[in-house]
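Novice: Pasting a structure below so you can have a look.
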Amino acid sequence: MKQKTDVLQGTLALMVLKTLDVLGPLHGYGVARRIEQISGDLLALNQGTLYPVLLKLEQEGAIASEWGASENNRRARFYRLTRDGRKQLQVETKDWEQTAAIIGRFFEAKAEDLS
Amino acid sequence: MKSLRRFLTRLLNLATGRKLGERLREEIEEHIALQTAENLRAGLSPVEARRQAMLKFGGVEAMKEDYRAEGGLLFIENLLRDVRFALRMLRKSPGFTAVAIVTLAFAIGANAVVFSVLNALILHPLHVPQSESLYGIQHGNEASSYQSYPDYLDLRDRNRSFDDLAAYDAAQAGLNTGENTARVWIVLASGNYFDVLRLQPFLGRFFHPSDEHGPNSAPYIVLSHDYWHTHFQDDRGVVGRVVQLNKHPYTIIGVAPPRFNGTLVFFNPGFFVPLVNQEQVEGVNDLNARGKRWIFMTMGHLKPGVTPAQAVADLNSIGSYLEKTYPKDDGQRNFTLARPSLYGDYLGQPVRAFMTGLMLLASLILLAACANLGSLFAARAADRSREVALRLALGASRGRILRQLFTEALLLSFTGGALGIWGSVALLRSLSAWQPFSRWPIQLPVNPDAYVYGVALLLTLASGLLFGAVPVRQVLHTDPYEIIKSGLIPRVGSRFNIRDLALVVQIAICAVLVTSSMVAVRGLLRSLHSNFGFQPRNALLADTDLSMSGYRGDSVPQMQRRMIDAVASIPGVKSVGLIDWAPLVSGSERGAHVFSDASTDLRPSNAAADAFTFRTSPEYFNAAGTALLSGRTFTWHDDKNAPPVAVINQEFARKVFGSPTGAAGRYFKQFDGTRIQVVGVVEDGKYDRVTEDQRPAMFLPILQSPSTQTYLAVRSDREPGQLAAAIRITVRGLDAGLPLYIGPWDKEMDTALFASRMAAMALGVMGVVGAMLSVTGIFGMAAYSVSKRLKELGIRMALGAQRTEVLQAALAPAFKLLAVGSAAGLLLGILASRVLAFIVYSATPSDPLVLAGVVLAMSSLGLLATWIPAQRALSFDPARLLRDE
């Protein structure tokens with residue numbers, strides 16, 4: 001059986017930002033569902049761990065939140081990306097791609113390339 | 001940037017008490033509701049749907065913890081929670097809390113007071129720029145700094161070590177600004193005085209060397225800021241005003257900067273007058289007398305790069321030059337340097353020794369207090385071991401528990417420290433404003449400054465950490481499993497632990513304090529009843545200086561005789577005598593060298609004695625109650641036309657003639673070669689200080705050796721107040737403008753006894769604080785040991801043990817510690833008392849009364865402290881106790 005992957009905090013934050021960027025304002029459950037759908041069963045994510053991350057992002061000013069009504073018409077907290085958050089997402093996406101590219105190159109490299 | 005913003009948001013959350021928890025709870029609820037609905041749609045039963053939703057969400061409590069950590073400042077929140085918990089714990093044991101706070105308040109307050117005095121007198125005494133390179137010159141062979149004016153000029157001009165040298169003397173003068181003549185203590189200062197001290201005037205200008213053109217050429221006054229404030233009501237127009245000083249016109253040219261009161265720390269002169277005007281102020285001109293050392297002190301800043309040792313070598317080479325050039329006036333001269341603020345080493349050394357000792361005692365008290373509280377704390381921690389074990393078992397980290405304990409300790413120490421500092425500031429304020437002697441402008445400027453507050457705060461923090469650290473080991477070694485399983489296990493095995501040691505140290509410190517305060521008080525009592533060589537009781541002193549009212553030359557003794565006759569005719573007055581310096585009141589002129597009649601080479605190194613010199617009227621010995629042992633006293637016929645005569649004390653006779661018997665009728669020589677015949681020998685006495693070694697003294701008749709300084713000793717049985725009024729009216733009748741000061745002789749001696757009184761008081765207070773600490777320490781220890789052994793004692797009593805045996809078992813350890821500690825403390829106290837001997841007259845610890853007193857005091861302290869625990873040990877019911885446990 002394949003082991004489920006732990007999610008690094010920073011990675012989770014990036015996922016949250018991207019989700020909100022793509023789908024617009026969402027409540028916590030919506031964000032959790034979306035991350036789950038995309039990653040399939042590969043991520044071992046306790047949905048609860050999302051909330052501290054949301055709070056942290058909000059306090060950093062990357063996202064904002066307000067009360068709204070959910071689909072079953074109950075009060076829910078909706079999160080949306082701020083302008084700062086969009087900027088942060090761009091920067092972090094670039095960083096991430098760069099890191100991934102570097103790591104990728106390391107894996108592709110063969111012994112003769114290194115000599 | 002980001003983290004700063006986060007920090008600020010969190011701080012805001014904390015400050016506004018924003019409830020993030022409420023919002024989270026709602027969000028979680030909503031989240032789980034949505035997930036449950038989803039699961040229901042997938043076909044699960046309602047119960048299962050909710051269970052799955054909860055599982056998926058994960059551990060709510062751990063997440064909440066994370067969330068809180070994210071949302072607020074965990075450290076501060078925990079701290080607040082700890083403080084709240086500590087407050088609750090402390091409120092639960094008010095006795096312990098009160099004892100701890102009071103103990104700390106006393107200990108920290110005592111330290112703050114002592115340090116403040118140390119700071120004001122020794123560490124930062126002078127308010128002049130660069131005071132660290134300012135040195136006074138004193139004589140190498142004796143702790144005194146007097147110089148003659150010509151010698152001062154030579155030292156000033158020939159040295160290569162000082163930037164410049166200033167000189168000053170303290171004097172009294174009569175100042176008339178319009179109506180009455182007021183007696184003021186002043187400083188006679190060399191022209192360069194303010195330049196040497198690098199001061200700038202607050203108002204007007206200072207006098208400078210360029211103002212000096214020979215004797216009486218510089219009639220200028222520079223007021224001290226305090227005197228300007230109190231006597232001229234901060235009048236800025238005072239500069240340029242002409243006033244009468246000893247009936248000579250003087251111009252006020254400036255005001256010295258605030259906080260500068262001369263360079264003698266406790267002596268606050270009213271104003272400064274150029275030294276070259278000595279004749280107008282003191283009535284004599286000694287500017288050319290090389291043999292007469294009257295200038296109180298010379299001082300200056302060392303040049304940059306010159307060490308004190310180099311300066312001393314430089315000065316000594318000038319000294320040998322002086323000795324060679326003026327063999328008649330200057331004997332062997334060598335010099336040392338000392339701080340000018342406490343009159344060189346004369347006062348500096350004993351004050352420094354005493355203050356260092358006191359500081360040591362104060363810190364020992366604080367240490368004892370910490371030891372005391374530490375053991376109380378450890379006892380508390382032991383009592384709370386169940387609680388600690390429970391918390392450990394529930395997953396609290398040991399660090400967290402220790403933090404809780406330290407919070408409690410620091411809370412106590414800061415409360416106690418704040419209380420102590422508050423009290424000490426109040427005490428220091430009143431001490432600073434206190435003028436112990438009406439006759440002298442003496443004040444102790446000991447107001448606390450930033451240093452004092454800093455040190456007190458540091459001590460508070462340190463003591464909190466210190467006694468908080470005592471139970472650390474205990475907590476770290478707690479085994480929650482064992483404790484919860486079997487209850488508290490009394491530690492058996494190590495019979496002598498660190499707590500006992502702390503208590504012994506503390507009792508020893510207390511014994512030291514009790515010993516030294518008893519020694520000091522005993523010495524003080526003895527010095528009050530010792531033989532001074534005169535009878536201060538039932539005698540008034542009326543004093544004035546005739547030069548202040550313009551008397552000169554022959555008019556001085558004439559006026560003095562008229563005053564004596566007039567006062568003697570007041571009803572109820574038994575006898576009236578005159579002396580120029582009253583013993584133990586005004587201090588005296590420094591000693592004069594005298595030589596045996598056979599000496600021809602009158603250089604100081606050949607002197608037979610260095611004798612205090614007094615000038616008296618014929619009736620003085622009778623009025624003062626000084627016993628004449630052989631020969632006669634003076635008569636009014638011992639005048640300028642008669643051969644010079646003197647009355648000497650026994651010590652003088654011993655030094656110059658070998659023995660007091662047969663001294664009357666023999667001759668000795670003064671430094672100027674005058675042959676003087678001894679006509680009488682009187683008993684020895686104390687002249688300058690009560691603690692002085694026996695010194696030779698000679699008395700000269702005022703008609704042969706006149707002095708404007710006038711003390712009338714008036715012996716009478718009349719009520720002092722009435723008599724003083726009568727004397728005042730009588731003297732007014734002779735000269736209405738003469739400033740007169742009247743007071744009972746024994747009251748006037750306060751100056752001489754001041755040091756010993758202060759020492760006894762300080763030690764007494766310390767002793768009481770120390771005793772209090774010991775009582776709480778022993779009490780804590782005994783109470784703890786009784787409560788730990790209640791079960792054992794109960795079994796013993798149930799088995800038929802006698803009450804005395806039980807008591808012995810319960811309290812023997814406490815008493816053993818008390819005995820060991822007291823013995824050690826007594827021994828140390830005896831050693832420490834040697835320091836006291838200088839300050840307190842005849843302070844000797846090898847006094848059976850003191851020894852007995854200490855033993856009695858310590859054992860009664862022990863009894864007092866063990867009384868309540870003993871009562872407790874005796875009053876319980878063994879059956880109930882055995883059932884309880």
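Following the order of the structure tokens, first chain is A, next is B, and so on, with residues numbered from 1 inside each chain and ligands from 1 in the order they appear.
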Only residues of chain A matter here; which ones have an atom within 6 Å of chain B, counting only C-alpha atoms? Give them as a list in words.

Specialist: Tyr29, Asn46, Gln47, Gly48, Pro52, Gln59 and Glu60 of chain A

Novice: Find the residues near stretch 542-559 of chain B: any atom within 10 Å, counting only C-alpha atoms, skip ones fewer than 3 places away on the same chain, and give them as a PyMOL selection string.

Specialist: chain B and resi 172-176+181-183+244-248+279-284+539+562-565+578-582+617+702-714+724+727-728+731+734-745

Novice: Could you check the closest approach to A:Leu23 for each of A:Leu54, A:Ala76, A:Ile35, A:Ala100 and tell me which residue wins, using only C-alpha atoms?

Specialist: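 The answer is A:Ile35, which sits nearest to A:Leu23.
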
Novice: Quick one: DSSP strand (DSSP E) residues in stretch 185-250 of chain B, as a list of chain:residue names?

Specialist: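 Going through stretch 185-250 of chain B, the strand (DSSP E) residues come out as B:Trp185, B:Ile186, B:Val187, B:Leu188, B:Ala189, B:Leu203, B:Gly204, B:Tyr220, B:Ile221, B:Val222, B:Leu223, B:Val242, B:Val243, B:Gln244, B:Leu245, B:His248, B:Pro249, B:Tyr250.
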
Novice: Output the selection as a tab-separated table (two decimals), in the first residue's frame - N, CA and C atoms for each residue.

Specialist:
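Printed below is out06.tsv as written:
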chain	number	residue	atom	x	y	z
B	185	TRP	N	28.11	79.12	58.04
B	185	TRP	CA	29.31	78.34	57.74
B	185	TRP	C	29.68	78.59	56.29
B	186	ILE	N	30.95	78.89	56.07
B	186	ILE	CA	31.36	79.21	54.71
B	186	ILE	C	32.61	78.42	54.33
B	187	VAL	N	32.96	78.52	53.08
B	187	VAL	CA	34.21	77.93	52.61
B	187	VAL	C	35.13	79.06	52.18
B	188	LEU	N	36.34	79.07	52.76
B	188	LEU	CA	37.37	79.99	52.27
B	188	LEU	C	38.11	79.24	51.18
B	189	ALA	N	38.04	79.76	49.96
B	189	ALA	CA	38.57	78.97	48.84
B	189	ALA	C	39.66	79.74	48.11
B	203	LEU	N	24.64	81.63	38.23
B	203	LEU	CA	24.31	83.04	38.02
B	203	LEU	C	25.59	83.84	38.19
B	204	GLY	N	25.70	84.96	37.52
B	204	GLY	CA	26.83	85.85	37.74
B	204	GLY	C	28.14	85.21	37.36
B	220	TYR	N	34.68	89.21	47.78
B	220	TYR	CA	33.61	88.67	46.94
B	220	TYR	C	32.94	87.48	47.61
B	221	ILE	N	31.69	87.31	47.30
B	221	ILE	CA	30.93	86.17	47.83
B	221	ILE	C	30.29	85.42	46.66
B	222	VAL	N	30.49	84.10	46.62
B	222	VAL	CA	29.73	83.26	45.69
B	222	VAL	C	28.80	82.42	46.55
B	223	LEU	N	27.48	82.59	46.36
B	223	LEU	CA	26.51	81.86	47.17
B	223	LEU	C	26.37	80.43	46.68
B	242	VAL	N	25.80	94.48	47.65
B	242	VAL	CA	26.87	94.59	48.65
B	242	VAL	C	26.29	94.27	50.02
B	243	VAL	N	26.94	93.35	50.74
B	243	VAL	CA	26.48	92.95	52.07
B	243	VAL	C	27.64	93.12	53.05
B	244	GLN	N	27.33	93.00	54.36
B	244	GLN	CA	28.38	93.13	55.37
B	244	GLN	C	28.80	91.74	55.84
B	245	LEU	N	30.09	91.44	55.70
B	245	LEU	CA	30.61	90.17	56.20
B	245	LEU	C	31.59	90.51	57.32
B	248	HIS	N	32.62	93.96	57.17
B	248	HIS	CA	33.34	94.46	56.01
B	248	HIS	C	32.42	94.38	54.81
B	249	PRO	N	32.47	95.35	53.89
B	249	PRO	CA	31.60	95.29	52.72
B	249	PRO	C	32.09	94.21	51.73
B	250	TYR	N	31.21	93.31	51.33
B	250	TYR	CA	31.52	92.27	50.34
B	250	TYR	C	30.47	92.31	49.23

Novice: Excluding B:Asn622 and residues on its chain fewer than 6 positions from it, collect all residues at most 10 Å away from it, counting only C-alpha atoms, and give them as JSON, numbers by chain.

Specialist: {"B": [534, 574, 575, 576, 577, 628, 633, 713, 715]}

Novice: Which residues, written as a list in words, have at least one atom at most 8 Å from B:Ser596, with only C-alpha atoms counted and residues fewer than 2 positions away on the same chain left out?

Specialist: Val594, Ala598, Ser599, Ala607, Ala608, Val656, Phe657, Tyr667, Phe668 and Lys669 of chain B

Novice: What's the separation between atom CA of B:Phe162 and atom CA of B:Lys303, in Å to one decimal place?

Specialist: 5.1 Å
